[in-house]
Amino acid sequence: MNFRELLGKKILFFDGGMGTLLQERGLRTGEVPETWNLSHPEAIRQIHKEYLLAGCNVVSANTFGVNAFKCKNLDCTVDELVTAGVRLTKEAIAEVRGECDHPMYSALDIGSIGKLLKPLGEISFDEAYDAFREIVTAGSRAGADLILIETVSDSYEIKAAVLAAKENSDLPVVVTMIFDENGKLLTGGDVASATAMLEGLGVDAIGFNCGLGPEQMKALLPQMTACCSLPIVINPNAGLPVVVNGKTVFNVAPDEFAQSVKTLVEMGASAVGGCCGTTPAHIRRIVECCRDMEIRPVTDKNLTVVSSYNHAVYFARKPLIIGERINPTGKSKFKQALRDHDMEYIYKEGLAQEENGAHILDVNVGLPEIDEPQLMQEAVTGIQSIIDLPLQIDTSDPEAMERGLRYYNGKPMLNSVNGKKESMESVFPIAKKYGALLVCLCLDESGIPETVEGRLQVAEKIIWTAAGYGIPKKDLVMDALVLTISTGKDNANITLETLRRIRYELGLHTVLGVSNISFGLPDRSRINTAFFTMAMNNGLSAGIVNPSSEPMMAAYYSFNALIGEDDQCMEYIAKASSQPADKPAAASAPKAGLTLDEAIVKGLAESAHEATVRLLEQNMDSLTIINEKLIPALDVVGKGFEEKRMFLPQLLMSADAAKASFEAIKAVLSKQGKSSESKGKIVIATVKGDIHDIGKNIVKTLLENYGFDMIDLGKDVDPQRILQTVQEQHVRLVGLSALMTTTVVNMEATIRLLREHGADCRIMVGGAVLTQEYADMIGADFYSRDAMGSVRYANELYEKGEL
């Protein structure tokens, strides 16, 4: 049987760690493990054989760190390393086949490229995709049985890798991600949002690996089993790393590890294995403990869901609000903003709707005179960089649909398809490919049916046609369509009855563009509000409305309280308290002329620059701007990040806004022949042998904005170079980063070298594989779990006069 046929039917076993085993066999500090596919093939093959003889079903090729960015510094190509890596797994399987009667498969192992994607980082989505495509093409050609995308912590990078795998091979795809103990990816995604996106993209299994031991993963697994309709793969570390005799080791022995993993299987894992620190002995004990266990059946949770990069939104009994304001229809200022490419105007519209209670934002940027596909891509990526709400891609242009969905980070909503044959043939393949939740309009070649039965017939046609494309009912949201009552006295009743029957007879969630009901009538908000309440009472799942309309939102919160979907009426009370009944809401136009602190907190660079210029024109001293406006705003963002109310994309966009403010200040100071004051120099580097610089770059950006002079030595930095820089530049603080277990020993070596030469500096460290205990053992002065911790430490040293 092939891998897909067994997955989720019986328990499967993945292999364990590779890097620590190679170190035992002589892998030198800083040496790239994947080059051993060519230089020491017998060692790689032997490790694979040991795992297979221990009972594992899936051996991962030694290709985890192979990508075009790393190979720039090597004397071999991606194709050579991947081809050799997969070949060695196939050879190992062939050599043990006589001794093993269990199914055995070769996995092409793909890891992170080690860089954030734009707009947060330095490489584009397409560049990441191309790097993954090269790996997939080589691995598929070499004969891999499946693709394992593992140890990834950015949902956008994960999407690029999955699309590369799906579009360039027909192999099964398994994705295991690295979450922290709070259940968050590096870029802020949670278990539910990642699950929604990956199920939509059509991967075969998902799960966790690395970063945590089996005990820590027990706390996260229930979050995934609650929302996941796929087999779950769990590959934990053998506990947390410690240093023993100068080497990184992990502290959970095979017996203890196997007992913990057994519990994970009982909790719902379909496949298990190991990651850092695990050995063939660990896998052997897992197999012995778990091979006769029955796994939990994989069931469809039947959830209708959309997600942003950091959270999922579920369609349920409680209605949702879809903000309608990012749409040029009837909005002359918005149209002009599109013509002028004024993206911040669009972002402000989104921010205003988010603040007023929207759960999802509709995004429509269609005008005849603009390049809609390009602008849709820019709008989607730009909005997602500062707003964490899921988006509804709203367009009738197939190319704009494709661009919007492809570059969207999460599981999107797509508006729309209808019952016309041409529409379904055009839209269904796109929606299926990207896993979109699809808005379906009850109209076809005959137009909008005038009767309830006519609209239901169109809805049923859409349902069974979608099924033929592999799109289930849970990924369809039906729009019963709203026609104004000014042209037909029964229009509202027809829509409401259609709505009710779609929801409760056909079993689909529903959506309506509510305000269409009052078109052509005066004082439209009265009609809209009454109809909105009636629609919700007849099964409306989501209303496309203006969240800035006080009457509409008052009706929404009142309805939720009345149907028991507002515990202790807390949302209603909060809304009523913020908007007294005798004080009408302000107009819904986006706020112009944001203050500097508002612009920085919202991550709007242009507005931050403009606000700074205004303050300077008012003769405010630049130091006052920095200390009383800019830094306090950054502190607000930093606190929100630490309290998990704001996430990495928002943190970095706020940093960009602060940078724009600094540029305005520097321009004035330059004219005056002055320069901005530095708090002190900090050397920052990713240690020798490690090419991952995401964390290092984040810390650098934040520290720069807090006024520190950053000396960035880059990645794969020799300890001697760090020492030399510290001595020549008289630096009092060094920041070291490492992601890989095989390179953290170089962090210790760097610290030891600095100490031996009497460098008068403090050393702070960070990285996914580090812990406070580990940092203490290697002699670091400070361990930071996140970027803001580094900022706090640097500021403390500055305030003490130690920088």
# chains A, B, ... in the order shown; residues from 1 in each chain; ligands from 1
>>> residues_around(residues="Glu95 of chain A", least_positions_apart="2", cutoff="12 Å", atoms="only C-alpha atoms", output="list of chain:residue names")
A:Arg45, A:Gln46, A:His48, A:Lys49, A:Glu50, A:Leu52, A:Leu53, A:Leu88, A:Thr89, A:Lys90, A:Glu91, A:Ala92, A:Ile93, A:Arg97, A:Gly98, A:Glu99, A:Cys100, A:Met104
>>> write_last_selection(atoms="N, CA, C and O atoms", output="tab-separated table (two decimals), in the first residue's frame")
chain	number	residue	atom	x	y	z
A	45	ARG	N	23.38	6.84	4.96
A	45	ARG	CA	22.65	5.60	4.68
A	45	ARG	C	22.53	4.75	5.94
A	45	ARG	O	21.47	4.17	6.22
A	46	GLN	N	23.58	4.68	6.71
A	46	GLN	CA	23.58	3.86	7.92
A	46	GLN	C	22.57	4.40	8.95
A	46	GLN	O	21.86	3.62	9.61
A	48	HIS	N	19.84	6.07	8.29
A	48	HIS	CA	18.51	5.70	7.78
A	48	HIS	C	18.20	4.23	8.10
A	48	HIS	O	17.09	3.89	8.52
A	49	LYS	N	19.17	3.36	7.89
A	49	LYS	CA	18.97	1.93	8.15
A	49	LYS	C	18.68	1.68	9.62
A	49	LYS	O	17.82	0.85	9.97
A	50	GLU	N	19.37	2.38	10.50
A	50	GLU	CA	19.14	2.20	11.93
A	50	GLU	C	17.71	2.59	12.31
A	50	GLU	O	17.06	1.92	13.13
A	52	LEU	N	15.10	2.54	10.23
A	52	LEU	CA	14.20	1.55	9.63
A	52	LEU	C	14.20	0.26	10.45
A	52	LEU	O	13.14	-0.35	10.69
A	53	LEU	N	15.36	-0.18	10.89
A	53	LEU	CA	15.45	-1.39	11.70
A	53	LEU	C	14.81	-1.20	13.07
A	53	LEU	O	14.38	-2.17	13.70
A	88	LEU	N	19.75	8.06	-1.05
A	88	LEU	CA	20.25	7.34	0.13
A	88	LEU	C	19.11	6.73	0.95
A	88	LEU	O	19.26	5.64	1.51
A	89	THR	N	17.98	7.41	1.02
A	89	THR	CA	16.83	6.81	1.73
A	89	THR	C	16.33	5.59	0.96
A	89	THR	O	15.98	4.56	1.58
A	90	LYS	N	16.28	5.68	-0.35
A	90	LYS	CA	15.79	4.55	-1.17
A	90	LYS	C	16.75	3.36	-1.05
A	90	LYS	O	16.31	2.20	-0.96
A	91	GLU	N	18.05	3.66	-1.03
A	91	GLU	CA	19.03	2.58	-0.89
A	91	GLU	C	18.92	1.92	0.47
A	91	GLU	O	19.01	0.68	0.59
A	92	ALA	N	18.72	2.72	1.52
A	92	ALA	CA	18.58	2.16	2.86
A	92	ALA	C	17.36	1.26	2.95
A	92	ALA	O	17.41	0.17	3.54
A	93	ILE	N	16.25	1.71	2.36
A	93	ILE	CA	15.03	0.89	2.37
A	93	ILE	C	15.27	-0.43	1.66
A	93	ILE	O	14.88	-1.50	2.14
A	97	ARG	N	15.11	-4.35	3.44
A	97	ARG	CA	13.81	-4.93	3.13
A	97	ARG	C	13.72	-6.39	3.54
A	97	ARG	O	12.66	-6.87	3.96
A	98	GLY	N	14.79	-7.10	3.47
A	98	GLY	CA	14.76	-8.50	3.88
A	98	GLY	C	14.61	-8.69	5.38
A	98	GLY	O	14.19	-9.76	5.85
A	99	GLU	N	14.97	-7.67	6.17
A	99	GLU	CA	14.89	-7.75	7.62
A	99	GLU	C	13.63	-7.08	8.19
A	99	GLU	O	13.31	-7.27	9.36
A	100	CYS	N	12.95	-6.31	7.39
A	100	CYS	CA	11.79	-5.54	7.86
A	100	CYS	C	10.57	-5.88	7.02
A	100	CYS	O	10.64	-5.88	5.78
A	104	MET	N	7.66	0.90	4.31
A	104	MET	CA	8.74	1.88	4.45
A	104	MET	C	8.67	2.89	3.30
A	104	MET	O	8.50	2.50	2.15
>>> residues_around(residues="Val511 of chain A", least_positions_apart="3", cutoff="6 Å", atoms="only C-alpha atoms", output="list in words")
Asp479, Ser541, Ala542 and Gly543 of chain A
>>> residues_around(residues="Phe559 of chain A", least_positions_apart="4", cutoff="10 Å", atoms="only C-alpha atoms", output="CSV table (one decimal) with C-alpha atoms, in the first residue's frame")
chain,number,residue,atom,x,y,z
A,318,LYS,CA,-23.8,33.8,16.2
A,319,PRO,CA,-23.8,36.0,13.1
A,532,PHE,CA,-30.8,43.1,9.2
A,533,THR,CA,-32.5,42.0,12.4
A,534,MET,CA,-35.2,40.1,10.4
A,536,MET,CA,-30.5,37.3,11.4
A,537,ASN,CA,-33.6,35.9,12.9
A,553,MET,CA,-24.2,47.5,15.1
A,554,ALA,CA,-26.7,48.3,17.8
A,555,ALA,CA,-29.1,45.9,16.1
A,563,ILE,CA,-30.7,34.9,21.4
A,564,GLY,CA,-28.3,34.0,24.2
A,565,GLU,CA,-25.0,34.5,22.2
A,566,ASP,CA,-23.6,37.2,24.4
A,572,TYR,CA,-23.9,44.7,24.4
>>> atom_distance(atom1="atom CA of Ser193 of chain A", atom2="atom CA of Val306 of chain A")
8.0 Å
>>> atom_distance(atom1="atom CA of Gly111 of chain A", atom2="atom CA of Val203 of chain A")
16.1 Å
>>> residues_around(residues="Ile544 of chain A", least_positions_apart="5", cutoff="10 Å", atoms="only C-alpha atoms", output="list in words")
Leu320, Ile321, Ile322, Gly323, Glu324, Arg325, Ala358, Ile360, Leu361, Asp362, Val511, Leu512, Gly513, Val514, Ser515 and Phe532 of chain A
>>> select_by_dssp(residues="segment 237-360 of chain A", states="alpha helix (DSSP H)", output="PyMOL selection string")
chain A and resi 254-267+280-290+332-339+343-355
>>> atom_distance(atom1="atom CA of Ser260 of chain A", atom2="atom CA of Tyr51 of chain A")
19.4 Å
>>> closest_residue(among="A:Gly707, A:Arg87, A:Lys9, A:Lys659", to="Met293 of chain A", atoms="only C-alpha atoms")
A:Lys9
>>> closest_residue(among="A:Thr624, A:Ala467, A:Leu351, A:Lys218", to="Glu598 of chain A", atoms="only C-alpha atoms")
A:Leu351
>>> residues_around(residues="Ile665 of chain A", least_positions_apart="2", cutoff="9 Å", atoms="only C-alpha atoms", output="list of chain:residue names")
A:His609, A:Thr612, A:Val613, A:Leu616, A:Ser622, A:Ile625, A:Ile626, A:Ala660, A:Ser661, A:Phe662, A:Glu663, A:Ala667, A:Val668, A:Leu669, A:Ser670, A:Ser676
>>> write_last_selection(atoms="all heavy atoms", output="mmCIF file, in the first residue's frame")
data_model
loop_
_atom_site.group_PDB
_atom_site.id
_atom_site.type_symbol
_atom_site.label_atom_id
_atom_site.label_comp_id
_atom_site.auth_asym_id
_atom_site.auth_seq_id
_atom_site.Cartn_x
_atom_site.Cartn_y
_atom_site.Cartn_z
ATOM 1 N N HIS A 609 5.295 59.526 8.996
ATOM 2 C CA HIS A 609 6.190 60.543 8.431
ATOM 3 C C HIS A 609 5.491 61.897 8.400
ATOM 4 O O HIS A 609 6.062 62.924 8.817
ATOM 5 C CB HIS A 609 6.617 60.130 7.022
ATOM 6 C CG HIS A 609 7.663 61.015 6.418
ATOM 7 N ND1 HIS A 609 7.352 62.205 5.789
ATOM 8 C CD2 HIS A 609 9.017 60.888 6.351
ATOM 9 C CE1 HIS A 609 8.458 62.766 5.348
ATOM 10 N NE2 HIS A 609 9.488 61.995 5.676
ATOM 11 N N THR A 612 5.111 63.381 11.883
ATOM 12 C CA THR A 612 6.392 63.890 12.379
ATOM 13 C C THR A 612 6.719 65.240 11.752
ATOM 14 O O THR A 612 7.172 66.168 12.439
ATOM 15 C CB THR A 612 7.511 62.878 12.083
ATOM 16 O OG1 THR A 612 7.165 61.608 12.627
ATOM 17 C CG2 THR A 612 8.826 63.333 12.695
ATOM 18 N N VAL A 613 6.488 65.352 10.471
ATOM 19 C CA VAL A 613 6.733 66.623 9.783
ATOM 20 C C VAL A 613 5.856 67.725 10.391
ATOM 21 O O VAL A 613 6.326 68.862 10.617
ATOM 22 C CB VAL A 613 6.467 66.481 8.273
ATOM 23 C CG1 VAL A 613 6.476 67.856 7.590
ATOM 24 C CG2 VAL A 613 7.501 65.567 7.635
ATOM 25 N N LEU A 616 7.343 68.811 13.665
ATOM 26 C CA LEU A 616 8.549 69.609 13.446
ATOM 27 C C LEU A 616 8.195 71.010 12.958
ATOM 28 O O LEU A 616 8.834 71.999 13.355
ATOM 29 C CB LEU A 616 9.464 68.903 12.436
ATOM 30 C CG LEU A 616 10.125 67.609 12.923
ATOM 31 C CD1 LEU A 616 10.737 66.842 11.752
ATOM 32 C CD2 LEU A 616 11.199 67.911 13.980
ATOM 33 N N SER A 622 13.195 67.776 18.222
ATOM 34 C CA SER A 622 13.275 66.384 17.749
ATOM 35 C C SER A 622 13.435 65.409 18.903
ATOM 36 O O SER A 622 12.864 64.300 18.881
ATOM 37 C CB SER A 622 14.440 66.233 16.762
ATOM 38 O OG SER A 622 15.676 66.589 17.382
ATOM 39 N N ILE A 625 10.102 64.830 20.410
ATOM 40 C CA ILE A 625 9.296 63.933 19.560
ATOM 41 C C ILE A 625 9.671 62.479 19.823
ATOM 42 O O ILE A 625 8.808 61.613 19.984
ATOM 43 C CB ILE A 625 9.489 64.280 18.069
ATOM 44 C CG1 ILE A 625 8.935 65.671 17.768
ATOM 45 C CG2 ILE A 625 8.805 63.235 17.184
ATOM 46 C CD1 ILE A 625 9.220 66.143 16.356
ATOM 47 N N ILE A 626 10.975 62.224 19.879
ATOM 48 C CA ILE A 626 11.440 60.848 20.080
ATOM 49 C C ILE A 626 11.041 60.325 21.457
ATOM 50 O O ILE A 626 10.461 59.238 21.588
ATOM 51 C CB ILE A 626 12.966 60.766 19.898
ATOM 52 C CG1 ILE A 626 13.336 61.040 18.431
ATOM 53 C CG2 ILE A 626 13.490 59.386 20.329
ATOM 54 C CD1 ILE A 626 14.827 61.204 18.189
ATOM 55 N N ALA A 660 10.103 55.531 9.532
ATOM 56 C CA ALA A 660 9.708 56.664 8.686
ATOM 57 C C ALA A 660 9.722 57.959 9.482
ATOM 58 O O ALA A 660 10.094 59.021 8.973
ATOM 59 C CB ALA A 660 8.317 56.411 8.101
ATOM 60 N N SER A 661 9.312 57.882 10.746
ATOM 61 C CA SER A 661 9.363 59.063 11.614
ATOM 62 C C SER A 661 10.804 59.506 11.843
ATOM 63 O O SER A 661 11.122 60.702 11.770
ATOM 64 C CB SER A 661 8.679 58.753 12.948
ATOM 65 O OG SER A 661 8.786 59.823 13.845
ATOM 66 N N PHE A 662 11.672 58.548 12.121
ATOM 67 C CA PHE A 662 13.088 58.871 12.317
ATOM 68 C C PHE A 662 13.689 59.527 11.077
ATOM 69 O O PHE A 662 14.517 60.443 11.190
ATOM 70 C CB PHE A 662 13.876 57.604 12.650
ATOM 71 C CG PHE A 662 13.910 57.272 14.114
ATOM 72 C CD1 PHE A 662 13.376 56.091 14.587
ATOM 73 C CD2 PHE A 662 14.482 58.151 15.024
ATOM 74 C CE1 PHE A 662 13.400 55.781 15.933
ATOM 75 C CE2 PHE A 662 14.519 57.850 16.381
ATOM 76 C CZ PHE A 662 13.975 56.662 16.835
ATOM 77 N N GLU A 663 13.295 59.041 9.897
ATOM 78 C CA GLU A 663 13.838 59.619 8.668
ATOM 79 C C GLU A 663 13.458 61.088 8.539
ATOM 80 O O GLU A 663 14.258 61.911 8.085
ATOM 81 C CB GLU A 663 13.341 58.825 7.456
ATOM 82 C CG GLU A 663 13.913 57.414 7.343
ATOM 83 C CD GLU A 663 15.434 57.404 7.290
ATOM 84 O OE1 GLU A 663 16.009 58.278 6.611
ATOM 85 O OE2 GLU A 663 16.045 56.534 7.946
ATOM 86 N N ALA A 667 16.219 64.131 8.543
ATOM 87 C CA ALA A 667 16.293 65.103 7.448
ATOM 88 C C ALA A 667 16.398 66.526 7.999
ATOM 89 O O ALA A 667 17.178 67.349 7.495
ATOM 90 C CB ALA A 667 15.063 64.966 6.551
ATOM 91 N N VAL A 668 15.630 66.818 9.053
ATOM 92 C CA VAL A 668 15.680 68.150 9.655
ATOM 93 C C VAL A 668 17.014 68.369 10.352
ATOM 94 O O VAL A 668 17.645 69.433 10.220
ATOM 95 C CB VAL A 668 14.512 68.326 10.650
ATOM 96 C CG1 VAL A 668 14.675 69.620 11.450
ATOM 97 C CG2 VAL A 668 13.190 68.341 9.900
ATOM 98 N N LEU A 669 17.467 67.369 11.105
ATOM 99 C CA LEU A 669 18.737 67.487 11.813
ATOM 100 C C LEU A 669 19.899 67.676 10.839
ATOM 101 O O LEU A 669 20.850 68.420 11.109
ATOM 102 C CB LEU A 669 18.978 66.252 12.680
ATOM 103 C CG LEU A 669 18.028 66.074 13.883
ATOM 104 C CD1 LEU A 669 18.337 64.757 14.594
ATOM 105 C CD2 LEU A 669 18.165 67.240 14.851
ATOM 106 N N SER A 670 19.815 66.985 9.701
ATOM 107 C CA SER A 670 20.877 67.102 8.694
ATOM 108 C C SER A 670 20.967 68.521 8.160
ATOM 109 O O SER A 670 22.057 69.065 7.969
ATOM 110 C CB SER A 670 20.612 66.118 7.549
ATOM 111 O OG SER A 670 21.576 66.246 6.536
ATOM 112 N N SER A 676 21.259 62.563 15.104
ATOM 113 C CA SER A 676 20.469 62.025 16.206
ATOM 114 C C SER A 676 21.384 61.316 17.203
ATOM 115 O O SER A 676 22.390 60.713 16.839
ATOM 116 C CB SER A 676 19.413 61.045 15.676
ATOM 117 O OG SER A 676 20.024 60.024 14.932
#
>>> closest_residue(among="A:Gln618, A:Asn302, A:Asn697, A:Thr20", to="Pro280 of chain A", atoms="only C-alpha atoms")
A:Thr20
